[in-house]
Amino acid sequence: MIHFDIVKRKPMEPWQAALLPVIAIAVTLLISAGLIGIAGADINEAFASLVMGAFGTKFNFFETCIGAVPLVFTGLSVAFAFRAKFWNIGAEGQFLAGALGVSAVALALPPVPSFVGIPLLIITGFVCGGLFALIPALLKTKLKVDDVVSTLLLNYIMYHIMGIFLFGPLQMPGSSWPVTKNFADRLVFPVLIPRTRFHLGVLLALAAVAVLWVIQKYTVLGYETRAVGVNERVAFFGGVKTWKVTIITALIAGGLAGLGGANEVLGIQHRLILDISPGYGYTGVVVAMLAQLNPLGVLATSFFFSAVGNGASTMSRICHVPAYISGVIQGLSLIIMLVCLLFRDYSIKVRRSL
Amino acid sequence: MMTTDVKKADVPLIQMQHICKSFLGNRANDDISIHVDRGEICALLGENGAGKSTLMNILFGLYGQDSGSILIKGKTVSFANPGDAIKEGIGMIHQHFTLIPGLSVLKNLMTGPYGHTGFLLNFQKARKDVRKLMDKYHFDLDPDALVSSLSIGQKQKVEILKALYRGAELLIMDEPTAVLSPAEAGSLFSTLHGLVNDGLAIILISHKMKEIIGVTDRVYVLRRGKLTAELKTTETSAEELASLMIGKAQDDAPVFIPAREGVLKKDAVLHISGLCAVSGTGAKRLDALSLDAAGGEILGIAGVSGNGQTELCDILFGLSVPEKGSVVVNGKSMTFGRPWEVIQSGMARIPEDRIGTGLLMELSVEENMLLGRQRNSEFCSKSGILNRKAVTRTADALMNEFDVYPRSSRGVVRSLSGGNLQKVILARELERTPALVVASQPTRGLDIGAAAFIHRRLTAEKERGAAVLVISDDLDELFAVSDRIAVISGGKIIGEQSRSSFDRNRIGLWISGVA
Amino acid sequence: MSAPVMIQFTEGVLGAAVRMATPILLGTMGEILTEKAGILNLGIEGIMLMGALTGFLTTIATGSLWAGVLAACLVGMIFGLLMSLLTVKLGLSHHVAGLGITLLCTGLAMYIYRLVVGSPTVPPTVHPFTTVPIPLLSKIPFIGNVFFNQYVLTYIAFLSVPLLSFLLNRTSAGLAVRTVGDNPFAADTAGIHVTMVRTLCVTSGAGIMGVAGAFMTLAHQNMFLAEVVGGRGWVCIAMVIFGNWNPYVAALGALGFGLMDGLQLRLQNMGLSLPFDLFLLIPYLMTLVALIIMSGRSGAPLALLQPYRREDKV
């Protein structure tokens with residue numbers, strides 16, 4: 001009989017590990033090509049339209065950039081949390097919490113100048129997301145409630161809370177849709193490149209990546225979160241106040257996701273709608289895993305998935321391939337990346353048993 | 001011992017011929033041939049890493065051998081799985097029991113395709129069969145008791161029962177007395193005699209010479225993967241076996257340095273008083289334990305694992321909170337359950353479980369050396385920024401001083417050998433010149449060279465004036481390095497001796513619980 | 001409200017509760033079977049959606065509702081095999097693998113639906129299952145209508161509870177499953193094939209989850225929408241924990257959720273002026289509260305989430 005043994009291997013060089021997401025994406029695109037073929041479209045034409053839609057024109061390129069912004073925030077949120085083994089599947093709910101909080105404040109603010117209002121709203125987004133993440137964090141540390149399940153349930157709870165507000169106190173007067181009034185012009189993010197939607201949020205996203213990179217590599221907090229993620233018991237033995245680390249991690253992770261929500265309402269929509277998030281929180285998990293929990297990697301992978309998302313809608317218009325292919329690509333790349341990660345630590349040996 | 005009634009078959013029950021097995025270039029078994037007959041107890045003697053467990057795991061079907069053959073009753077067999085071995089009448093009891101605590105004894109026995117019960121669990125039939133077996137061998141167990149409520153000795157009996165229920169003709173036991181008290185060990189051996197009188201064959205894996213001499217018929221000695229001797233027990237002695245097992249006398253043997261007058265302090269650095277701790281199920285683990293350790297001495301705590309050592313260490317290390325009692329370190333009373341305060345108090349801690357408690361396996365050596373000191377001013381600024389250069393510098397210096405191999409502070413700890421893992425922990429803990437060192441099973445699983453290094457280092461700490469507590473189930477180790485030996489049994493200190501009056505017999509009695 | 005109206009209202013609510021509990025019951029039983037062997041299957045949400053789609057499309061293609069159910073089961077099993085490959089054979093993170101499968105299935109289901117059905121102004125529908133009253137029993141006042149005048153799938157769902165309990169507690173196969181989930185090394189040394197047991201449990205559990213999804217499009221509603229499963233998969237995950245891995249207690253939880261679900265529809269129809277979303281919110285909130293109450297207890301299989309490699313243990 002032939003056996004496949006999974007055997008530990010020597011640690012990979014960093015450059016080899018950086019290739020893993022590339023391999024994962026390549027395999028994913030291969031399989032997707034098959035699905036596109038089943039849809040009856042010409043594969044070359046389909047991929048051409050995908051690339052066209054993603055960065056074919058200057059406008060499209062900038063659209064892909066701004067589409068990456070929410071993914072950067074949720075990706076950073078998930079990556080930072082996962083590093084500490086806080087399974088933050090609730091980035092979606094924290095995103096919504098940020099969006100809701102910012103919208104409520106934006107609509108209630110008296111006339112203040114931009115340089116007061118905008119920073120205030122940004123902070124609001126961070127705080128709302130952070131506080132919402134505090135709930136599952138406290139449940140985990142004080143009551144040992146499983147963080148995966150609690151964050152999942154809270155996502156749905158937050159979505160419906162938003163619904164209550166959007167059909168209630170925040171609803172645009174006179175409308176029967178779950179939307180708010182548009183925010184005041186001085187409270188939305190300025191557009192940085194004329195005739196595009198390229199807004200301040202992009203700079204915020206880049207800043208967040210830089211800040212998180214510094215935190216992870218050069219601060220005690222980064223060290224302690226990593227220690228807790230590797231082995232909580234050992235970290236505790238080493239004097240780390242693990243419950244404190246979990247809470248702070250949750251606050252930061254939630255805050256990042258909340259910032260993502262703030263970005264969407266302040267930078268793109270300029271109001272709150274029920275469908276403000278097409279699953280950014282869940283895509284954030286894919287972004288984080290393909291980035292191997294590295295902030296710089298998150299920048300690259302969120303750009304990629306934004307490209308796929310934009311390209312897919314162009315592709316669906318031109319080649320009639322359903323745009324849902326981007327969802328399939330997300331799921332596939334996550335699974336294949338997981339398998340690739342396996343090969344980072346193990347190799348497969350074939351054995352014939354006697 | 002073999003009785004004359006048992007007829008020796010012409011062909012041995014089990015034969016392993018020219019077995020070779022390598023793991024990643026390391027020859028764990030190098031052309032080993034053994035055989036066992038019905039009605040005899042054979043020992044496999046050897047140090048850690050000699051290849052005994054590997055050989056038996058091959059016999060039980062957990063590994064396949066690289067070359068060589070296994071014969072049962074003269075017929076060549078090949079095992080792909082333990083299931084195949086069980087079918088051929090081989091049963092194995094591992095060091096870590098394979099029981100399901102949440103199920104009853106009966107259900108544990110009925111697990112597996114060899115529980116003789118078919119698709120529907122036939123409790124009635126199983127109960128009858130199990131009763132018969134229990135009566136035959138005088139096992140006093142309640143089949144409906146939950147395994148979680150049994151003592152270790154009882155759990156071991158369930159394991160034996162399991163093997164018998166599955167029709168074992170050969171029983172392999174891996175270090176069976178490692179977790180038993182001397183009394184329980186005695187009970188085990190009389191059970192084994194009963195089994196052997198019935199025609200079973202037994203293989204004992206052990207490194208305890210005295211047991212082997214007392215209980216077995218034949219001994220195989222393994223050393224570094226090779227079979228170095230096959231002897232009848234009656235024709236050899238403990239001393240001869242020991243030298244066969246270890247090889248020629250080691251020059252690395254620790255040379256004891258007695259506590260010097262000027263260094264030995266009058267006041268106790270560690271003062272434990274009335275410590276009480278209870279396990280999850282309500283059993284008493286520490287029973288008003290009191291103990292003092294003075295600066296400049298090594299105090300050895302002897303005892304079989306499971307008598308409260310783990311609970312004592314967990315409390316001292318700040319990992320758990322006792323029910324009652326107090327611990328004073330260097331004059332300051334300890335607040336329990338706060339490892340960060342324990343670190344500040346000047347205690348160096350060498351935990352029993354290196355991988356699960358002491359080291360962050362996926363991180364680098366320098367990151368592990370930082371653990372416990374990440375907020376010290378030399379590494380961390382007021383605002384929380386880490387000075388990575390200082391971290392690397394310190395790690396490099398420590399690796400040199402403690403001779404850690406490979407000498408790369410960025411290397412991942414996971415790839416280090418056992419001895420080097422322990423050195424990393426020691427380097428980290430001893431670097432801050434502690435007033436108190438608590439080391440739990442510090443040389444377990446290490447080769448002689450690494451163990452000697454550890455002993456030399458601990459002695460150096462003693463010389464420096466620190467109080468050193470060494471908790472170990474290896475009496476030879478304690479006799480070699482301690483100034484005083486205290487014995488822990490049943491959760492309290494049952495007796496103490498100082499070096500000038502070490503009496504091995506007395507200590508042995510204390511260890512088995514006789515005050 | 002007068003007494004007879006009250007009784008009728010309550011009867012209606014309880015009957016709806018039993019109905020709405022069906023997919024949760026099935027999904028939860030499938031998940032318990034999976035977790036008892038040591039695998040956490042977070043792909044349940046996606047597998048239920050694929051089951052919903054497959055059942056729906058198969059029924060449209062063949063005209064047979066039961067063919068749809070069967071196809072949903074088979075498709076569920078296929079994804080169960082994928083999950084087994086990832087978690088049992090390769091030992092990957094259960095959390096991430098499960099999430100990946102949910103994302104994949106969610107995208108795939110919509111992709112296939114759009115391909116096959118396109119975007120018609122009137123979405124296609126099927127003739128859904130009708131309730132099948134059990135002779136005699138359904139005539140019992142009050143209880144008859146609540147319990148014995150339901151879909152066949154609902155009867156199957158309720159039967160699955162004692163069936164699963166029996167399987168786990170009184171058969172040698174069930175004993176093998178529990179051993180694998182608590183101590184895979186013990187199972188290995190007992191001659192049990194750990195990989196095969198785990199794979200079987202994950203695969204058949206996923207098949208049951210597929211059927212749970214099919215219920216949504218073939219009985220509960222008669223069309224396929226993206227939100228047709230709407231988070232019920234996660235509720236099943238929570239129900240397993242709530243029930244402390246015991247099928248009967250978990251079933252109680254499922255009924256509770258069904259009650260909230262059913263109540264929510266009726267209160268809306270009665271025109272209560274509370275926000276619509278509040279009703280949608282309540283079932284998930286109750287589930288979370290229940291989880292908090294149950295926290296700290298653990299009948300979790302001891303080896304849950306742990307991959308088994310013989311070389312690591314020996």
# chains A, B, ... in the order shown; residues from 1 in each chain; ligands from 1
$ residues_around --residues "Ile252 in chain A" --least-positions-apart "4" --cutoff "9 Å" --atoms "only C-alpha atoms" --output "list in words"
Ser77, Phe80, Ala81, Phe126, Gly129, Gly130, Ala133, Ile247, Ile248, Leu256 and Ala257 of chain A
$ write_last_selection --atoms "C-alpha atoms" --output "mmCIF file, in the first residue's frame"
data_model
loop_
_atom_site.group_PDB
_atom_site.id
_atom_site.type_symbol
_atom_site.label_atom_id
_atom_site.label_comp_id
_atom_site.auth_asym_id
_atom_site.auth_seq_id
_atom_site.Cartn_x
_atom_site.Cartn_y
_atom_site.Cartn_z
ATOM 1 C CA SER A 77 -8.306 43.858 11.740
ATOM 2 C CA PHE A 80 -3.950 41.520 14.003
ATOM 3 C CA ALA A 81 -6.551 39.511 15.869
ATOM 4 C CA PHE A 126 -12.585 53.515 15.598
ATOM 5 C CA GLY A 129 -15.829 49.288 16.167
ATOM 6 C CA GLY A 130 -13.548 48.777 19.136
ATOM 7 C CA ALA A 133 -15.375 44.007 19.540
ATOM 8 C CA ILE A 247 -8.956 42.894 25.323
ATOM 9 C CA ILE A 248 -6.507 45.370 23.807
ATOM 10 C CA LEU A 256 -9.649 48.957 12.545
ATOM 11 C CA ALA A 257 -12.761 47.316 11.169
#
$ residues_around --residues "Glu239 in chain B" --least-positions-apart "6" --cutoff "10 Å" --atoms "only C-alpha atoms" --output "PyMOL selection string"
chain B and resi 209-210+245
$ interface_residues --of "chain C" --to "chain B" --cutoff "10 Å" --atoms "only C-alpha atoms" --output "PyMOL selection string"
chain C and resi 166-167+169-193+299+301-302+310-311+313-314
$ write_last_selection --atoms "C-alpha atoms" --output "CSV table (one decimal), in the first residue's frame"
chain,number,residue,atom,x,y,z
C,166,PHE,CA,-29.0,5.9,19.9
C,167,LEU,CA,-26.2,5.7,17.4
C,169,ASN,CA,-24.6,5.8,22.9
C,170,ARG,CA,-25.6,2.3,22.0
C,171,THR,CA,-23.8,1.1,19.0
C,172,SER,CA,-20.1,0.2,18.6
C,173,ALA,CA,-19.9,2.6,15.6
C,174,GLY,CA,-21.0,5.4,17.9
C,175,LEU,CA,-18.5,4.3,20.6
C,176,ALA,CA,-15.8,4.5,17.9
C,177,VAL,CA,-16.9,8.0,17.0
C,178,ARG,CA,-16.8,9.2,20.6
C,179,THR,CA,-13.4,7.6,21.1
C,180,VAL,CA,-12.0,9.2,18.0
C,181,GLY,CA,-13.3,12.6,19.2
C,182,ASP,CA,-12.0,12.3,22.7
C,183,ASN,CA,-8.7,10.5,22.2
C,184,PRO,CA,-7.7,9.6,18.7
C,185,PHE,CA,-4.6,7.9,19.8
C,186,ALA,CA,-6.7,5.6,22.0
C,187,ALA,CA,-8.8,4.9,19.0
C,188,ASP,CA,-5.8,4.2,16.8
C,189,THR,CA,-4.4,1.7,19.4
C,190,ALA,CA,-7.7,0.1,19.6
C,191,GLY,CA,-7.6,-0.7,16.0
C,192,ILE,CA,-10.0,2.0,14.9
C,193,HIS,CA,-9.2,3.7,11.7
C,299,GLY,CA,-19.1,18.3,27.2
C,301,PRO,CA,-15.2,16.2,22.7
C,302,LEU,CA,-11.7,16.4,24.1
C,310,ARG,CA,0.2,9.1,14.6
C,311,GLU,CA,3.8,10.2,14.4
C,313,LYS,CA,1.8,10.9,19.4
C,314,VAL,CA,4.1,8.0,19.4
$ interface_residues --of "chain C" --to "chain A" --cutoff "7 Å" --atoms "only C-alpha atoms" --output "number ranges by chain"
C: 92, 97, 100-101, 103-104, 107-108, 110-111, 114-115, 234, 238, 275, 277-278, 280-281, 284-285, 288, 292, 295-296
$ interface_residues --of "chain A" --to "chain B" --cutoff "10 Å" --atoms "only C-alpha atoms" --output "ChimeraX atom specification"
/A:1,7,9-11,214-215,217-224,226-241,352-354
$ atom_distance --atom1 "CA of Tyr405 in chain B" --atom2 "CA of Asp447 in chain B"
14.7 Å
$ closest_residue --among "A:Phe62, A:Phe132, A:Phe115, A:Phe82" --to "Val202 in chain A" --atoms "only C-alpha atoms"
A:Phe62
$ select_by_dssp --residues "range 35-235 of chain C" --states "strand (DSSP E or B)" --output "VMD selection string"
chain C and resid 132 to 133 149 to 150 171
$ write_last_selection --atoms "C-alpha atoms" --output "tab-separated table (two decimals), in the first residue's frame"
chain	number	residue	atom	x	y	z
C	132	VAL	CA	-48.70	15.33	5.53
C	133	PRO	CA	-50.94	14.67	8.50
C	149	ASN	CA	-49.54	17.80	10.72
C	150	GLN	CA	-46.15	18.67	9.32
C	171	THR	CA	-23.75	1.13	18.99
$ closest_residue --among "B:Val304, B:Ile172, B:Val130, B:Leu204" --to "Tyr220 in chain B" --atoms "only C-alpha atoms"
B:Leu204
$ decode --residues "range 2-118 of chain A" --atoms "C-alpha atoms" --output "CSV table (one decimal), in the first residue's frame"
chain,number,residue,atom,x,y,z
A,2,ILE,CA,1.2,3.5,-0.7
A,3,HIS,CA,1.1,5.9,2.2
A,4,PHE,CA,1.4,9.7,2.2
A,5,ASP,CA,3.2,10.8,5.3
A,6,ILE,CA,3.1,14.4,6.3
A,7,VAL,CA,6.5,15.2,7.7
A,8,LYS,CA,7.8,18.3,9.4
A,9,ARG,CA,10.3,20.2,7.3
A,10,LYS,CA,13.0,22.8,7.7
A,11,PRO,CA,11.5,26.3,8.1
A,12,MET,CA,11.1,28.1,4.7
A,13,GLU,CA,13.1,31.1,3.7
A,14,PRO,CA,11.1,34.4,3.8
A,15,TRP,CA,11.2,34.8,0.1
A,16,GLN,CA,9.9,31.3,-0.4
A,17,ALA,CA,7.0,32.0,2.0
A,18,ALA,CA,6.2,35.2,0.1
A,19,LEU,CA,5.6,33.1,-3.1
A,20,LEU,CA,2.9,31.0,-1.4
A,21,PRO,CA,0.0,33.4,-2.0
A,22,VAL,CA,1.2,33.9,-5.6
A,23,ILE,CA,0.9,30.1,-6.1
A,24,ALA,CA,-2.5,30.0,-4.4
A,25,ILE,CA,-3.8,32.8,-6.6
A,26,ALA,CA,-2.4,31.1,-9.7
A,27,VAL,CA,-4.2,27.9,-8.9
A,28,THR,CA,-7.4,29.7,-8.1
A,29,LEU,CA,-7.4,31.6,-11.4
A,30,LEU,CA,-6.8,28.3,-13.2
A,31,ILE,CA,-9.9,26.7,-11.6
A,32,SER,CA,-11.9,29.9,-12.1
A,33,ALA,CA,-11.0,29.7,-15.8
A,34,GLY,CA,-12.7,26.4,-15.8
A,35,LEU,CA,-15.8,27.9,-14.3
A,36,ILE,CA,-15.8,30.7,-16.8
A,37,GLY,CA,-15.6,28.1,-19.5
A,38,ILE,CA,-18.6,26.4,-18.2
A,39,ALA,CA,-20.4,29.7,-18.4
A,40,GLY,CA,-19.8,29.5,-22.1
A,41,ALA,CA,-17.5,32.5,-22.3
A,42,ASP,CA,-14.2,32.7,-24.0
A,43,ILE,CA,-11.6,32.5,-21.4
A,44,ASN,CA,-9.1,34.9,-22.9
A,45,GLU,CA,-11.8,37.5,-23.5
A,46,ALA,CA,-13.1,37.0,-20.0
A,47,PHE,CA,-9.7,37.5,-18.3
A,48,ALA,CA,-9.0,40.5,-20.6
A,49,SER,CA,-12.2,42.2,-19.5
A,50,LEU,CA,-11.4,41.3,-15.9
A,51,VAL,CA,-8.0,43.0,-16.1
A,52,MET,CA,-9.6,45.9,-18.1
A,53,GLY,CA,-12.2,46.4,-15.4
A,54,ALA,CA,-9.6,46.3,-12.7
A,55,PHE,CA,-6.9,48.7,-14.0
A,56,GLY,CA,-7.5,49.1,-17.7
A,57,THR,CA,-8.2,52.8,-17.5
A,58,LYS,CA,-7.0,55.4,-15.0
A,59,PHE,CA,-10.5,55.7,-13.6
A,60,ASN,CA,-10.7,51.9,-13.1
A,61,PHE,CA,-7.3,51.8,-11.5
A,62,PHE,CA,-8.3,54.4,-8.9
A,63,GLU,CA,-11.6,52.6,-8.4
A,64,THR,CA,-9.7,49.5,-7.6
A,65,CYS,CA,-7.5,51.5,-5.1
A,66,ILE,CA,-10.5,52.8,-3.3
A,67,GLY,CA,-12.2,49.5,-3.4
A,68,ALA,CA,-9.2,48.1,-1.6
A,69,VAL,CA,-9.6,50.5,1.3
A,70,PRO,CA,-12.3,48.7,3.3
A,71,LEU,CA,-10.5,45.4,2.7
A,72,VAL,CA,-7.3,46.9,4.0
A,73,PHE,CA,-9.1,47.8,7.2
A,74,THR,CA,-10.9,44.6,7.7
A,75,GLY,CA,-7.8,42.6,6.6
A,76,LEU,CA,-5.6,44.4,9.1
A,77,SER,CA,-8.3,43.9,11.7
A,78,VAL,CA,-8.5,40.1,11.1
A,79,ALA,CA,-4.7,39.7,10.7
A,80,PHE,CA,-3.9,41.5,14.0
A,81,ALA,CA,-6.6,39.5,15.9
A,82,PHE,CA,-5.6,36.2,14.4
A,83,ARG,CA,-2.0,36.7,15.4
A,84,ALA,CA,-3.2,36.7,19.0
A,85,LYS,CA,-5.4,33.7,18.3
A,86,PHE,CA,-8.5,35.9,18.7
A,87,TRP,CA,-10.7,34.5,15.9
A,88,ASN,CA,-12.3,37.7,14.8
A,89,ILE,CA,-14.9,36.6,12.4
A,90,GLY,CA,-16.8,39.6,13.6
A,91,ALA,CA,-14.9,42.1,11.6
A,92,GLU,CA,-18.2,42.4,9.6
A,93,GLY,CA,-20.2,43.5,12.6
A,94,GLN,CA,-17.5,45.8,13.8
A,95,PHE,CA,-17.4,47.4,10.3
A,96,LEU,CA,-21.1,48.0,10.5
A,97,ALA,CA,-20.8,49.3,14.1
A,98,GLY,CA,-18.3,51.9,12.9
A,99,ALA,CA,-20.5,52.9,9.9
A,100,LEU,CA,-23.5,53.2,12.1
A,101,GLY,CA,-21.8,55.2,14.8
A,102,VAL,CA,-20.2,57.6,12.4
A,103,SER,CA,-23.5,58.1,10.5
A,104,ALA,CA,-25.4,58.8,13.7
A,105,VAL,CA,-22.8,61.4,14.9
A,106,ALA,CA,-22.5,62.9,11.4
A,107,LEU,CA,-26.2,63.5,11.2
A,108,ALA,CA,-26.3,64.9,14.7
A,109,LEU,CA,-23.3,67.2,14.6
A,110,PRO,CA,-23.9,70.9,14.8
A,111,PRO,CA,-22.1,72.9,12.1
A,112,VAL,CA,-18.4,72.5,12.8
A,113,PRO,CA,-15.5,73.1,10.5
A,114,SER,CA,-14.0,70.1,8.6
A,115,PHE,CA,-10.8,70.0,10.5
A,116,VAL,CA,-12.8,69.4,13.6
A,117,GLY,CA,-15.6,67.3,12.2
A,118,ILE,CA,-13.6,64.8,10.1
